[in-house]
Amino acid sequence: MASAVLPSGSLCAAAAAAAAAPPGLRLRLRLLLLLLSAAALIPTGDGQNLITEDVTVVEGEVATISCRVKNSDDSVIQLLNPNRQTIYFRDFRPLKDSRFQLVNFSNSELRVSLTNVSISDEGRYFCQLYTDPPQEIYTTITVLVPPRNLMIDIQKDTAVEGEEIEVNCTAMASKPATTIRWFKGNKELTGKSEVEEWSDMYTVTSQLMLTVGKEDDGVPVICLVDHPAVKDMQTQRYLEVQYKPQVHIQLTYPPQGLTREGDTLELTCEAIGKPQPTMVNWVRLDDDLPQHAVVSGSNLLINNLNKTDNGTYRCEASNVVGTAHSDYTLYVYDPPTTIPPPTTTTTTTTILTIITDSRAGEDNSIRAVDHAVIGGVVAVVVFAMLCLLIILGRYFARHKGTYFTHEAKGADDAADADTAIINAEGGQNNSEEKKEYFI
């Protein structure tokens, strides 16, 4: 807080000087007389305090300056500009700048508005309170200036895939200096900025080095300004990237994908690039195309396939950027085998005949089915009986062989032939004592 020096002298002398002064000085002398009159009635400044706040305003808008008095006792308030010229003395405006307008005047506040603020209005404004001793405080008006112009420049209007390009963005004549942010689509990138100052104004240039790919074609590069005086200020340029073709072979026919001898093969070559490919060519690796192959634009047609057509077929596409290709491997399978019709037996023919005849009526159909079932059961029973007879025959044949073997039992253990005869005869005698019954 600084003390103000009040003018001194006689009020009468001031009045006489004002009356005798030329018209150009008369207004100033009247103001001086008002000051002398106020000084004669200056109260003590005990308990009174001046209050004000700093003001930040965007160029061209309205700034409001407020000088308030706490615990006012009707002391005189005045407002001065940075050149210490009086803007308002009480509710009187000596300054001829009509952009200053009185908003409110009372014993406790002097509020003034300044319209259409410019950078030249920036500085300290003083609030003075005529007390004993006098009081003075200042408020600072800060003027924000948004960028005058925002320009983006790309080194090349058209870039080639894999090439590094330079993009520059310039924000001119702002206050304070602008912060520039870069975006490629939704992805934020980092650039390098340089700041130039000229007459309290700042020009910022940001450089971005960008390596482009085919996925960047048509993507916007955005230069966004971050400044307190402006929101959502941005400019953008769309990238134009040339790239070599992307080739894909589509199997048009046969739809199931299985190629057999005698079938037709149709392939379509799909090529996309920037610029659009000007040439599409079909070749067969390690051999010439079959003589019966037909190339029509991007389509390859081979009729009546055979195994000599096996191989790898390539579609090549090119533009000013480069050449690309895609391969399709053909394997021709054997034609499908024809299955001969099944041989029909007599029984089957009979059954079919019965079923055919059964169309005459539902009862006959049911009866034919019953006969077939009965015939099947009879066949199973006959087969079972034959098996049983075979098993019984084998059993009786084995039992009879065992009986004859036991007739000479005892001769097997004899030491010589005579003993064996005697033993055999003894066995026969003994056997006479046995009774055998045959059924």
# chains A, B, ... in the order shown; residues from 1 in each chain; ligands from 1
$ residues_around --residues "Gly297 in chain A" --least-positions-apart "4" --cutoff "10 Å" --atoms "only C-alpha atoms" --output "list in words"
Thr268, Cys269, Met279, Val280, Asn281 and Trp282 of chain A
$ residues_around --residues "Arg260 in chain A" --least-positions-apart "4" --cutoff "8 Å" --atoms "only C-alpha atoms" --output "list in words"
Leu305, Asn306, Val332, Tyr333, Asp334, Pro335 and Pro336 of chain A
$ write_last_selection --atoms "N, CA and C atoms" --output "short mmCIF file (atom, residue, chain, number, x, y, z; two decimals), in the first residue's frame"
data_model
loop_
_atom_site.label_atom_id
_atom_site.label_comp_id
_atom_site.auth_asym_id
_atom_site.auth_seq_id
_atom_site.Cartn_x
_atom_site.Cartn_y
_atom_site.Cartn_z
N LEU A 305 -11.19 -80.26 -66.21
CA LEU A 305 -9.93 -80.45 -65.48
C LEU A 305 -9.40 -81.87 -65.64
N ASN A 306 -8.07 -81.99 -65.67
CA ASN A 306 -7.41 -83.30 -65.60
C ASN A 306 -6.15 -83.14 -64.77
N VAL A 332 -6.07 -81.90 -58.67
CA VAL A 332 -7.25 -82.51 -59.30
C VAL A 332 -7.39 -83.94 -58.79
N TYR A 333 -8.52 -84.27 -58.19
CA TYR A 333 -8.79 -85.60 -57.66
C TYR A 333 -9.45 -86.46 -58.73
N ASP A 334 -9.44 -87.80 -58.45
CA ASP A 334 -10.10 -88.74 -59.36
C ASP A 334 -11.60 -88.47 -59.37
N PRO A 335 -12.23 -88.81 -60.48
CA PRO A 335 -13.68 -88.63 -60.51
C PRO A 335 -14.34 -89.58 -59.53
N PRO A 336 -15.52 -89.32 -59.08
CA PRO A 336 -16.19 -90.20 -58.11
C PRO A 336 -16.47 -91.57 -58.71
#
$ select_by_dssp --residues "range 93-273 of chain A" --states "strand (DSSP E or B)" --output "compact mmCIF listing (two decimals) with N, CA, C and O atoms, in the first residue's frame"
# COMPACT_ATOMS: atom_id res chain seq x y z
N PHE A 100 -14.91 3.34 -20.58
CA PHE A 100 -15.08 3.23 -19.12
C PHE A 100 -16.48 3.72 -18.76
O PHE A 100 -16.87 4.85 -19.09
N GLN A 101 -17.23 2.84 -18.11
CA GLN A 101 -18.58 3.18 -17.69
C GLN A 101 -18.77 2.84 -16.22
O GLN A 101 -18.26 1.82 -15.73
N LEU A 102 -19.54 3.73 -15.53
CA LEU A 102 -19.80 3.52 -14.10
C LEU A 102 -20.85 2.44 -13.93
O LEU A 102 -21.95 2.52 -14.49
N VAL A 103 -20.50 1.41 -13.18
CA VAL A 103 -21.44 0.32 -12.91
C VAL A 103 -22.13 0.53 -11.58
O VAL A 103 -23.35 0.38 -11.45
N ASN A 104 -21.38 0.94 -10.56
CA ASN A 104 -21.97 1.16 -9.23
C ASN A 104 -21.09 2.16 -8.48
O ASN A 104 -19.87 2.09 -8.52
N PHE A 105 -21.79 3.10 -7.79
CA PHE A 105 -21.08 4.04 -6.91
C PHE A 105 -21.86 4.16 -5.60
O PHE A 105 -23.07 4.38 -5.60
N SER A 106 -21.12 4.02 -4.50
CA SER A 106 -21.68 4.21 -3.17
C SER A 106 -20.54 4.61 -2.24
O SER A 106 -19.38 4.73 -2.67
N GLU A 109 -18.21 1.49 -2.36
CA GLU A 109 -17.73 0.83 -3.57
C GLU A 109 -17.76 1.78 -4.76
O GLU A 109 -18.69 2.58 -4.92
N LEU A 110 -16.73 1.64 -5.58
CA LEU A 110 -16.68 2.27 -6.89
C LEU A 110 -16.36 1.15 -7.90
O LEU A 110 -15.27 0.59 -7.89
N ARG A 111 -17.37 0.86 -8.76
CA ARG A 111 -17.20 -0.23 -9.72
C ARG A 111 -17.34 0.33 -11.13
O ARG A 111 -18.35 0.98 -11.45
N VAL A 112 -16.33 0.01 -11.97
CA VAL A 112 -16.25 0.56 -13.31
C VAL A 112 -16.03 -0.59 -14.30
O VAL A 112 -15.24 -1.50 -14.02
N SER A 113 -16.67 -0.51 -15.47
CA SER A 113 -16.47 -1.51 -16.52
C SER A 113 -15.67 -0.90 -17.66
O SER A 113 -15.82 0.29 -17.97
N LEU A 114 -14.86 -1.74 -18.28
CA LEU A 114 -14.07 -1.35 -19.45
C LEU A 114 -14.42 -2.30 -20.59
O LEU A 114 -14.15 -3.50 -20.51
N GLY A 123 -2.26 -3.67 -17.49
CA GLY A 123 -1.40 -2.96 -16.53
C GLY A 123 -2.06 -2.82 -15.17
O GLY A 123 -3.06 -3.50 -14.87
N ARG A 124 -1.48 -1.92 -14.34
CA ARG A 124 -1.97 -1.69 -12.98
C ARG A 124 -2.93 -0.50 -12.95
O ARG A 124 -2.63 0.57 -13.49
N TYR A 125 -4.07 -0.72 -12.29
CA TYR A 125 -5.07 0.32 -12.05
C TYR A 125 -5.13 0.56 -10.54
O TYR A 125 -5.19 -0.41 -9.76
N PHE A 126 -5.19 1.85 -10.13
CA PHE A 126 -5.04 2.22 -8.72
C PHE A 126 -6.36 2.66 -8.13
O PHE A 126 -7.09 3.47 -8.73
N CYS A 127 -6.64 2.12 -6.96
CA CYS A 127 -7.78 2.58 -6.16
C CYS A 127 -7.23 3.45 -5.03
O CYS A 127 -6.35 3.02 -4.27
N GLN A 128 -7.76 4.69 -4.89
CA GLN A 128 -7.31 5.61 -3.85
C GLN A 128 -8.47 5.97 -2.94
O GLN A 128 -9.59 6.20 -3.41
N LEU A 129 -8.17 6.04 -1.68
CA LEU A 129 -9.15 6.42 -0.65
C LEU A 129 -8.59 7.62 0.09
O LEU A 129 -7.50 7.56 0.68
N TYR A 130 -9.37 8.75 0.05
CA TYR A 130 -8.90 10.00 0.68
C TYR A 130 -9.20 9.96 2.16
O TYR A 130 -10.26 10.37 2.62
N ASP A 132 -6.85 10.16 6.14
CA ASP A 132 -5.64 10.72 6.73
C ASP A 132 -5.00 9.65 7.61
O ASP A 132 -5.51 9.37 8.71
N GLN A 135 -4.99 6.18 1.49
CA GLN A 135 -4.74 4.76 1.18
C GLN A 135 -4.79 4.54 -0.33
O GLN A 135 -5.54 5.21 -1.04
N GLU A 136 -3.98 3.62 -0.76
CA GLU A 136 -3.94 3.28 -2.19
C GLU A 136 -3.56 1.81 -2.37
O GLU A 136 -2.61 1.34 -1.74
N ILE A 137 -4.31 1.12 -3.21
CA ILE A 137 -3.96 -0.24 -3.63
C ILE A 137 -4.14 -0.33 -5.13
O ILE A 137 -4.75 0.56 -5.75
N TYR A 138 -3.60 -1.39 -5.73
CA TYR A 138 -3.74 -1.52 -7.18
C TYR A 138 -4.27 -2.90 -7.54
O TYR A 138 -4.11 -3.88 -6.81
N THR A 139 -4.93 -2.92 -8.69
CA THR A 139 -5.39 -4.16 -9.29
C THR A 139 -4.76 -4.28 -10.67
O THR A 139 -4.56 -3.28 -11.36
N THR A 140 -4.44 -5.51 -11.06
CA THR A 140 -3.76 -5.75 -12.34
C THR A 140 -4.74 -6.35 -13.34
O THR A 140 -5.40 -7.35 -13.05
N ILE A 141 -4.84 -5.73 -14.49
CA ILE A 141 -5.64 -6.28 -15.59
C ILE A 141 -4.70 -7.05 -16.52
O ILE A 141 -3.72 -6.49 -17.04
N THR A 142 -4.98 -8.34 -16.71
CA THR A 142 -4.22 -9.19 -17.62
C THR A 142 -5.10 -9.51 -18.81
O THR A 142 -6.23 -10.01 -18.65
N VAL A 143 -4.61 -9.22 -19.99
CA VAL A 143 -5.38 -9.43 -21.23
C VAL A 143 -4.85 -10.68 -21.91
O VAL A 143 -3.65 -10.78 -22.20
N LEU A 144 -5.77 -11.62 -22.16
CA LEU A 144 -5.44 -12.85 -22.90
C LEU A 144 -5.77 -12.66 -24.37
O LEU A 144 -6.87 -12.19 -24.71
N VAL A 145 -4.82 -13.06 -25.22
CA VAL A 145 -5.03 -12.92 -26.66
C VAL A 145 -4.96 -14.31 -27.29
O VAL A 145 -3.91 -14.95 -27.25
N ASN A 149 -4.21 -16.82 -35.87
CA ASN A 149 -4.41 -17.74 -36.99
C ASN A 149 -3.75 -19.07 -36.63
O ASN A 149 -2.74 -19.10 -35.93
N LEU A 150 -4.34 -20.15 -37.11
CA LEU A 150 -3.80 -21.50 -36.87
C LEU A 150 -3.67 -22.18 -38.22
O LEU A 150 -4.66 -22.39 -38.93
N MET A 151 -2.45 -22.52 -38.58
CA MET A 151 -2.19 -23.10 -39.90
C MET A 151 -1.46 -24.43 -39.75
O MET A 151 -0.58 -24.56 -38.88
N ILE A 152 -1.83 -25.40 -40.59
CA ILE A 152 -1.15 -26.69 -40.61
C ILE A 152 -0.63 -26.91 -42.03
O ILE A 152 -1.32 -26.60 -43.01
N ASP A 153 0.58 -27.43 -42.11
CA ASP A 153 1.22 -27.62 -43.40
C ASP A 153 1.88 -28.99 -43.43
O ASP A 153 2.59 -29.36 -42.49
N ILE A 154 1.64 -29.74 -44.52
CA ILE A 154 2.24 -31.06 -44.70
C ILE A 154 3.29 -30.97 -45.80
O ILE A 154 3.06 -30.34 -46.85
N ALA A 159 1.93 -39.03 -49.89
CA ALA A 159 3.10 -39.77 -49.39
C ALA A 159 3.00 -41.22 -49.83
O ALA A 159 1.92 -41.72 -50.18
N VAL A 160 4.14 -41.90 -49.80
CA VAL A 160 4.22 -43.32 -50.16
C VAL A 160 4.38 -44.14 -48.89
O VAL A 160 5.04 -43.71 -47.93
N GLU A 164 8.71 -41.19 -44.40
CA GLU A 164 8.61 -40.26 -43.27
C GLU A 164 8.34 -38.86 -43.81
O GLU A 164 9.07 -38.36 -44.67
N ILE A 165 7.30 -38.22 -43.28
CA ILE A 165 6.93 -36.88 -43.73
C ILE A 165 6.96 -35.91 -42.56
O ILE A 165 6.89 -36.31 -41.39
N GLU A 166 7.05 -34.63 -42.89
CA GLU A 166 7.11 -33.57 -41.88
C GLU A 166 5.80 -32.78 -41.92
O GLU A 166 5.35 -32.35 -42.98
N VAL A 167 5.20 -32.59 -40.73
CA VAL A 167 3.97 -31.82 -40.61
C VAL A 167 4.23 -30.68 -39.63
O VAL A 167 4.77 -30.90 -38.53
N ASN A 168 3.86 -29.44 -40.00
CA ASN A 168 4.07 -28.26 -39.16
C ASN A 168 2.75 -27.58 -38.86
O ASN A 168 1.87 -27.50 -39.74
N CYS A 169 2.63 -27.08 -37.63
CA CYS A 169 1.45 -26.32 -37.22
C CYS A 169 1.92 -25.04 -36.55
O CYS A 169 2.79 -25.07 -35.67
N THR A 170 1.34 -23.88 -36.95
CA THR A 170 1.76 -22.58 -36.45
C THR A 170 0.56 -21.85 -35.86
O THR A 170 -0.48 -21.71 -36.52
N ALA A 171 0.72 -21.40 -34.60
CA ALA A 171 -0.28 -20.56 -33.92
C ALA A 171 0.34 -19.18 -33.77
O ALA A 171 1.33 -19.00 -33.05
N MET A 172 -0.26 -18.19 -34.42
CA MET A 172 0.35 -16.87 -34.53
C MET A 172 -0.26 -15.88 -33.53
O MET A 172 -1.47 -15.89 -33.30
N ALA A 173 0.64 -15.03 -32.97
CA ALA A 173 0.25 -13.83 -32.20
C ALA A 173 -0.74 -14.15 -31.09
O ALA A 173 -1.89 -13.71 -31.10
N SER A 174 -0.29 -14.89 -30.11
CA SER A 174 -1.12 -15.19 -28.95
C SER A 174 -0.43 -14.68 -27.69
O SER A 174 0.77 -14.42 -27.68
N LYS A 175 -1.20 -14.55 -26.63
CA LYS A 175 -0.66 -14.16 -25.33
C LYS A 175 -1.50 -14.82 -24.25
O LYS A 175 -2.72 -14.59 -24.22
N THR A 179 0.16 -23.70 -26.34
CA THR A 179 0.64 -25.08 -26.33
C THR A 179 -0.07 -25.84 -27.44
O THR A 179 -1.30 -25.82 -27.53
N ILE A 180 0.71 -26.49 -28.31
CA ILE A 180 0.15 -27.22 -29.45
C ILE A 180 0.23 -28.72 -29.18
O ILE A 180 1.28 -29.23 -28.79
N ARG A 181 -0.88 -29.40 -29.41
CA ARG A 181 -0.96 -30.85 -29.25
C ARG A 181 -1.32 -31.48 -30.59
O ARG A 181 -2.08 -30.92 -31.38
N TRP A 182 -0.74 -32.69 -30.82
CA TRP A 182 -0.93 -33.41 -32.09
C TRP A 182 -1.76 -34.67 -31.87
O TRP A 182 -1.59 -35.37 -30.87
N PHE A 183 -2.62 -34.96 -32.85
CA PHE A 183 -3.38 -36.20 -32.84
C PHE A 183 -3.39 -36.77 -34.26
O PHE A 183 -3.53 -36.02 -35.24
N LYS A 184 -3.25 -38.09 -34.35
CA LYS A 184 -3.49 -38.82 -35.60
C LYS A 184 -4.69 -39.71 -35.36
O LYS A 184 -4.60 -40.74 -34.69
N LYS A 187 -5.33 -40.99 -31.65
CA LYS A 187 -4.07 -41.25 -30.95
C LYS A 187 -3.25 -39.96 -30.85
O LYS A 187 -3.00 -39.30 -31.86
N GLU A 188 -2.84 -39.60 -29.62
CA GLU A 188 -2.05 -38.39 -29.43
C GLU A 188 -0.58 -38.67 -29.72
O GLU A 188 -0.03 -39.69 -29.30
N LEU A 189 0.05 -37.75 -30.43
CA LEU A 189 1.45 -37.85 -30.80
C LEU A 189 2.22 -36.69 -30.17
O LEU A 189 1.64 -35.72 -29.67
N LYS A 192 7.61 -31.26 -31.65
CA LYS A 192 8.67 -30.40 -31.13
C LYS A 192 8.30 -28.96 -31.43
O LYS A 192 8.11 -28.58 -32.59
N SER A 193 8.22 -28.11 -30.36
CA SER A 193 7.73 -26.75 -30.52
C SER A 193 8.84 -25.72 -30.36
O SER A 193 9.79 -25.92 -29.59
N GLU A 194 8.69 -24.60 -31.09
CA GLU A 194 9.56 -23.44 -30.98
C GLU A 194 8.69 -22.20 -30.77
O GLU A 194 7.64 -22.05 -31.42
N VAL A 195 9.15 -21.28 -29.85
CA VAL A 195 8.38 -20.09 -29.51
C VAL A 195 9.16 -18.85 -29.92
O VAL A 195 10.35 -18.71 -29.60
N GLU A 196 8.48 -17.92 -30.61
CA GLU A 196 9.05 -16.63 -30.98
C GLU A 196 8.23 -15.52 -30.33
O GLU A 196 7.00 -15.51 -30.42
N GLU A 197 8.93 -14.57 -29.67
CA GLU A 197 8.25 -13.45 -29.01
C GLU A 197 8.47 -12.18 -29.81
O GLU A 197 9.59 -11.87 -30.23
N TRP A 198 7.38 -11.42 -29.97
CA TRP A 198 7.46 -10.16 -30.69
C TRP A 198 6.41 -9.21 -30.13
O TRP A 198 5.21 -9.46 -30.20
N MET A 201 3.81 -10.48 -27.81
CA MET A 201 2.99 -11.52 -28.42
C MET A 201 3.89 -12.68 -28.80
O MET A 201 5.09 -12.53 -29.03
N TYR A 202 3.26 -13.87 -28.89
CA TYR A 202 4.04 -15.09 -29.08
C TYR A 202 3.51 -15.85 -30.29
O TYR A 202 2.30 -16.00 -30.48
N THR A 203 4.45 -16.34 -31.09
CA THR A 203 4.13 -17.22 -32.21
C THR A 203 4.79 -18.57 -31.96
O THR A 203 6.01 -18.63 -31.72
N VAL A 204 3.99 -19.64 -32.00
CA VAL A 204 4.47 -20.98 -31.68
C VAL A 204 4.36 -21.84 -32.93
O VAL A 204 3.31 -21.88 -33.58
N THR A 205 5.45 -22.55 -33.24
CA THR A 205 5.48 -23.50 -34.36
C THR A 205 5.86 -24.87 -33.82
O THR A 205 6.87 -25.01 -33.13
N SER A 206 5.05 -25.87 -34.14
CA SER A 206 5.30 -27.24 -33.69
C SER A 206 5.54 -28.13 -34.91
O SER A 206 4.80 -28.05 -35.91
N GLN A 207 6.55 -28.98 -34.81
CA GLN A 207 6.93 -29.87 -35.91
C GLN A 207 6.67 -31.32 -35.49
O GLN A 207 7.03 -31.73 -34.39
N LEU A 208 6.07 -32.07 -36.41
CA LEU A 208 5.78 -33.49 -36.18
C LEU A 208 6.36 -34.31 -37.32
O LEU A 208 6.08 -34.04 -38.49
N MET A 209 7.20 -35.31 -36.98
CA MET A 209 7.75 -36.24 -37.96
C MET A 209 6.94 -37.53 -37.88
O MET A 209 6.79 -38.12 -36.81
N LEU A 210 6.40 -37.94 -39.03
CA LEU A 210 5.44 -39.04 -39.06
C LEU A 210 5.79 -40.03 -40.16
O LEU A 210 5.96 -39.63 -41.32
N THR A 211 5.94 -41.31 -39.79
CA THR A 211 6.14 -42.39 -40.77
C THR A 211 4.77 -43.00 -41.08
O THR A 211 4.10 -43.50 -40.19
N PRO A 220 -7.16 -38.32 -40.39
CA PRO A 220 -6.84 -36.90 -40.18
C PRO A 220 -5.68 -36.72 -39.20
O PRO A 220 -5.57 -37.43 -38.20
N VAL A 221 -4.81 -35.75 -39.51
CA VAL A 221 -3.79 -35.29 -38.58
C VAL A 221 -4.29 -33.96 -38.01
O VAL A 221 -4.54 -33.01 -38.77
N ILE A 222 -4.44 -33.90 -36.69
CA ILE A 222 -5.12 -32.77 -36.03
C ILE A 222 -4.10 -31.97 -35.24
O ILE A 222 -3.31 -32.54 -34.46
N CYS A 223 -4.13 -30.65 -35.41
CA CYS A 223 -3.34 -29.71 -34.61
C CYS A 223 -4.31 -29.01 -33.66
O CYS A 223 -5.21 -28.28 -34.11
N LEU A 224 -4.15 -29.22 -32.36
CA LEU A 224 -5.07 -28.71 -31.36
C LEU A 224 -4.37 -27.68 -30.49
O LEU A 224 -3.24 -27.91 -30.02
N VAL A 225 -5.04 -26.53 -30.26
CA VAL A 225 -4.48 -25.44 -29.46
C VAL A 225 -4.96 -25.56 -28.02
O VAL A 225 -6.16 -25.73 -27.77
N ASP A 226 -4.02 -25.47 -27.09
CA ASP A 226 -4.33 -25.44 -25.66
C ASP A 226 -3.97 -24.05 -25.15
O ASP A 226 -2.79 -23.72 -24.95
N HIS A 227 -5.00 -23.20 -24.96
CA HIS A 227 -4.78 -21.80 -24.57
C HIS A 227 -5.92 -21.35 -23.67
O HIS A 227 -7.08 -21.69 -23.91
N VAL A 230 -9.11 -19.59 -25.36
CA VAL A 230 -9.91 -20.21 -26.39
C VAL A 230 -10.07 -21.69 -26.08
O VAL A 230 -9.20 -22.30 -25.45
N LYS A 231 -11.20 -22.26 -26.50
CA LYS A 231 -11.46 -23.68 -26.33
C LYS A 231 -11.78 -24.30 -27.69
O LYS A 231 -12.42 -23.68 -28.54
N ASP A 232 -11.33 -25.55 -27.85
CA ASP A 232 -11.65 -26.34 -29.06
C ASP A 232 -11.21 -25.63 -30.33
O ASP A 232 -11.91 -25.67 -31.36
N MET A 233 -10.06 -25.00 -30.30
CA MET A 233 -9.52 -24.42 -31.52
C MET A 233 -8.55 -25.42 -32.13
O MET A 233 -7.57 -25.82 -31.51
N GLN A 234 -8.84 -25.84 -33.35
CA GLN A 234 -8.02 -26.86 -33.99
C GLN A 234 -8.14 -26.75 -35.50
O GLN A 234 -9.06 -26.12 -36.03
N THR A 235 -7.18 -27.36 -36.17
CA THR A 235 -7.21 -27.49 -37.62
C THR A 235 -6.67 -28.86 -37.97
O THR A 235 -5.95 -29.48 -37.15
N GLN A 236 -7.00 -29.37 -39.14
CA GLN A 236 -6.60 -30.74 -39.48
C GLN A 236 -6.38 -30.87 -40.98
O GLN A 236 -6.88 -30.08 -41.78
N ARG A 237 -5.59 -31.89 -41.33
CA ARG A 237 -5.35 -32.27 -42.71
C ARG A 237 -5.46 -33.79 -42.80
O ARG A 237 -5.01 -34.50 -41.89
N TYR A 238 -6.04 -34.26 -43.89
CA TYR A 238 -6.18 -35.69 -44.10
C TYR A 238 -4.98 -36.22 -44.86
O TYR A 238 -4.54 -35.62 -45.85
N VAL A 241 -2.04 -41.50 -48.63
CA VAL A 241 -0.92 -42.43 -48.67
C VAL A 241 -1.14 -43.40 -49.83
O VAL A 241 -2.19 -44.03 -49.94
N GLN A 242 -0.12 -43.53 -50.68
CA GLN A 242 -0.14 -44.51 -51.75
C GLN A 242 0.55 -45.79 -51.27
O GLN A 242 1.57 -45.73 -50.57
N TYR A 243 0.00 -46.94 -51.66
CA TYR A 243 0.58 -48.21 -51.24
C TYR A 243 0.38 -49.25 -52.33
O TYR A 243 -0.53 -49.14 -53.17
N LYS A 244 1.27 -50.27 -52.32
CA LYS A 244 1.21 -51.31 -53.35
C LYS A 244 -0.02 -52.19 -53.15
O LYS A 244 -0.61 -52.21 -52.06
N PRO A 245 -0.40 -52.94 -54.19
CA PRO A 245 -1.66 -53.69 -54.12
C PRO A 245 -1.65 -54.77 -53.02
O PRO A 245 -0.61 -55.31 -52.65
N GLN A 246 -2.83 -55.05 -52.53
CA GLN A 246 -3.10 -56.21 -51.67
C GLN A 246 -3.91 -57.19 -52.50
O GLN A 246 -5.01 -56.86 -52.95
N VAL A 247 -3.37 -58.42 -52.68
CA VAL A 247 -3.95 -59.38 -53.63
C VAL A 247 -4.54 -60.57 -52.86
O VAL A 247 -3.91 -61.08 -51.92
N HIS A 248 -5.71 -60.99 -53.27
CA HIS A 248 -6.39 -62.16 -52.68
C HIS A 248 -7.09 -62.93 -53.80
O HIS A 248 -7.77 -62.34 -54.64
N ILE A 249 -6.92 -64.27 -53.82
CA ILE A 249 -7.56 -65.12 -54.82
C ILE A 249 -8.80 -65.75 -54.20
O ILE A 249 -8.73 -66.39 -53.14
N GLN A 250 -9.92 -65.58 -54.89
CA GLN A 250 -11.21 -66.10 -54.43
C GLN A 250 -11.63 -67.26 -55.33
O GLN A 250 -11.67 -67.12 -56.56
N LEU A 251 -11.93 -68.43 -54.71
CA LEU A 251 -12.42 -69.59 -55.46
C LEU A 251 -13.91 -69.39 -55.75
O LEU A 251 -14.73 -69.42 -54.84
N THR A 252 -14.22 -69.18 -57.03
CA THR A 252 -15.62 -68.95 -57.42
C THR A 252 -16.36 -70.25 -57.69
O THR A 252 -17.53 -70.41 -57.31
N TYR A 253 -15.67 -71.21 -58.36
CA TYR A 253 -16.29 -72.49 -58.67
C TYR A 253 -15.19 -73.57 -58.74
O TYR A 253 -14.10 -73.28 -59.23
N ARG A 260 -12.34 -82.18 -59.14
CA ARG A 260 -12.16 -83.53 -59.68
C ARG A 260 -12.00 -83.46 -61.20
O ARG A 260 -12.29 -82.44 -61.82
N LEU A 265 -12.95 -75.17 -63.11
CA LEU A 265 -12.35 -74.33 -62.07
C LEU A 265 -12.43 -72.88 -62.50
O LEU A 265 -12.05 -72.52 -63.62
N GLU A 266 -12.94 -72.02 -61.57
CA GLU A 266 -12.99 -70.59 -61.83
C GLU A 266 -12.41 -69.85 -60.63
O GLU A 266 -12.90 -70.01 -59.50
N LEU A 267 -11.37 -69.03 -60.85
CA LEU A 267 -10.71 -68.25 -59.81
C LEU A 267 -10.86 -66.77 -60.13
O LEU A 267 -10.78 -66.35 -61.29
N THR A 268 -11.08 -65.95 -59.07
CA THR A 268 -11.17 -64.49 -59.21
C THR A 268 -10.06 -63.84 -58.41
O THR A 268 -9.88 -64.16 -57.23
N CYS A 269 -9.33 -62.94 -59.05
CA CYS A 269 -8.23 -62.23 -58.39
C CYS A 269 -8.75 -60.87 -57.92
O CYS A 269 -9.17 -60.04 -58.73
N GLU A 270 -8.70 -60.65 -56.58
CA GLU A 270 -9.13 -59.38 -56.00
C GLU A 270 -7.89 -58.59 -55.59
O GLU A 270 -7.11 -59.04 -54.76
N ALA A 271 -7.71 -57.41 -56.19
CA ALA A 271 -6.53 -56.58 -55.94
C ALA A 271 -6.98 -55.17 -55.57
O ALA A 271 -7.76 -54.55 -56.29
N ILE A 272 -6.48 -54.68 -54.41
CA ILE A 272 -6.81 -53.34 -53.92
C ILE A 272 -5.50 -52.62 -53.65
O ILE A 272 -4.62 -53.14 -52.96
N GLY A 273 -5.38 -51.41 -54.14
CA GLY A 273 -4.19 -50.61 -53.91
C GLY A 273 -4.50 -49.14 -54.17
O GLY A 273 -5.60 -48.77 -54.57
$ closest_residue --among "A:Leu289, A:Leu300, A:Val295, A:Cys67" --to "Asn107 in chain A" --atoms "only C-alpha atoms"
A:Cys67
$ closest_residue --among "A:Val283, A:Val382, A:Ala177, A:Ile87" --to "Pro228 in chain A" --atoms "only C-alpha atoms"
A:Ala177
$ closest_residue --among "A:His325, A:Ile77, A:Arg284, A:Ala293" --to "Thr312 in chain A" --atoms "only C-alpha atoms"
A:Arg284
$ atom_distance --atom1 "CA of Glu163 in chain A" --atom2 "CA of Pro275 in chain A"
16.2 Å
$ atom_distance --atom1 "CA of Thr178 in chain A" --atom2 "CA of Asp200 in chain A"
13.1 Å
$ closest_residue --among "A:Ser298, A:Thr329, A:Ser98, A:Asn319" --to "Gly257 in chain A" --atoms "only C-alpha atoms"
A:Thr329
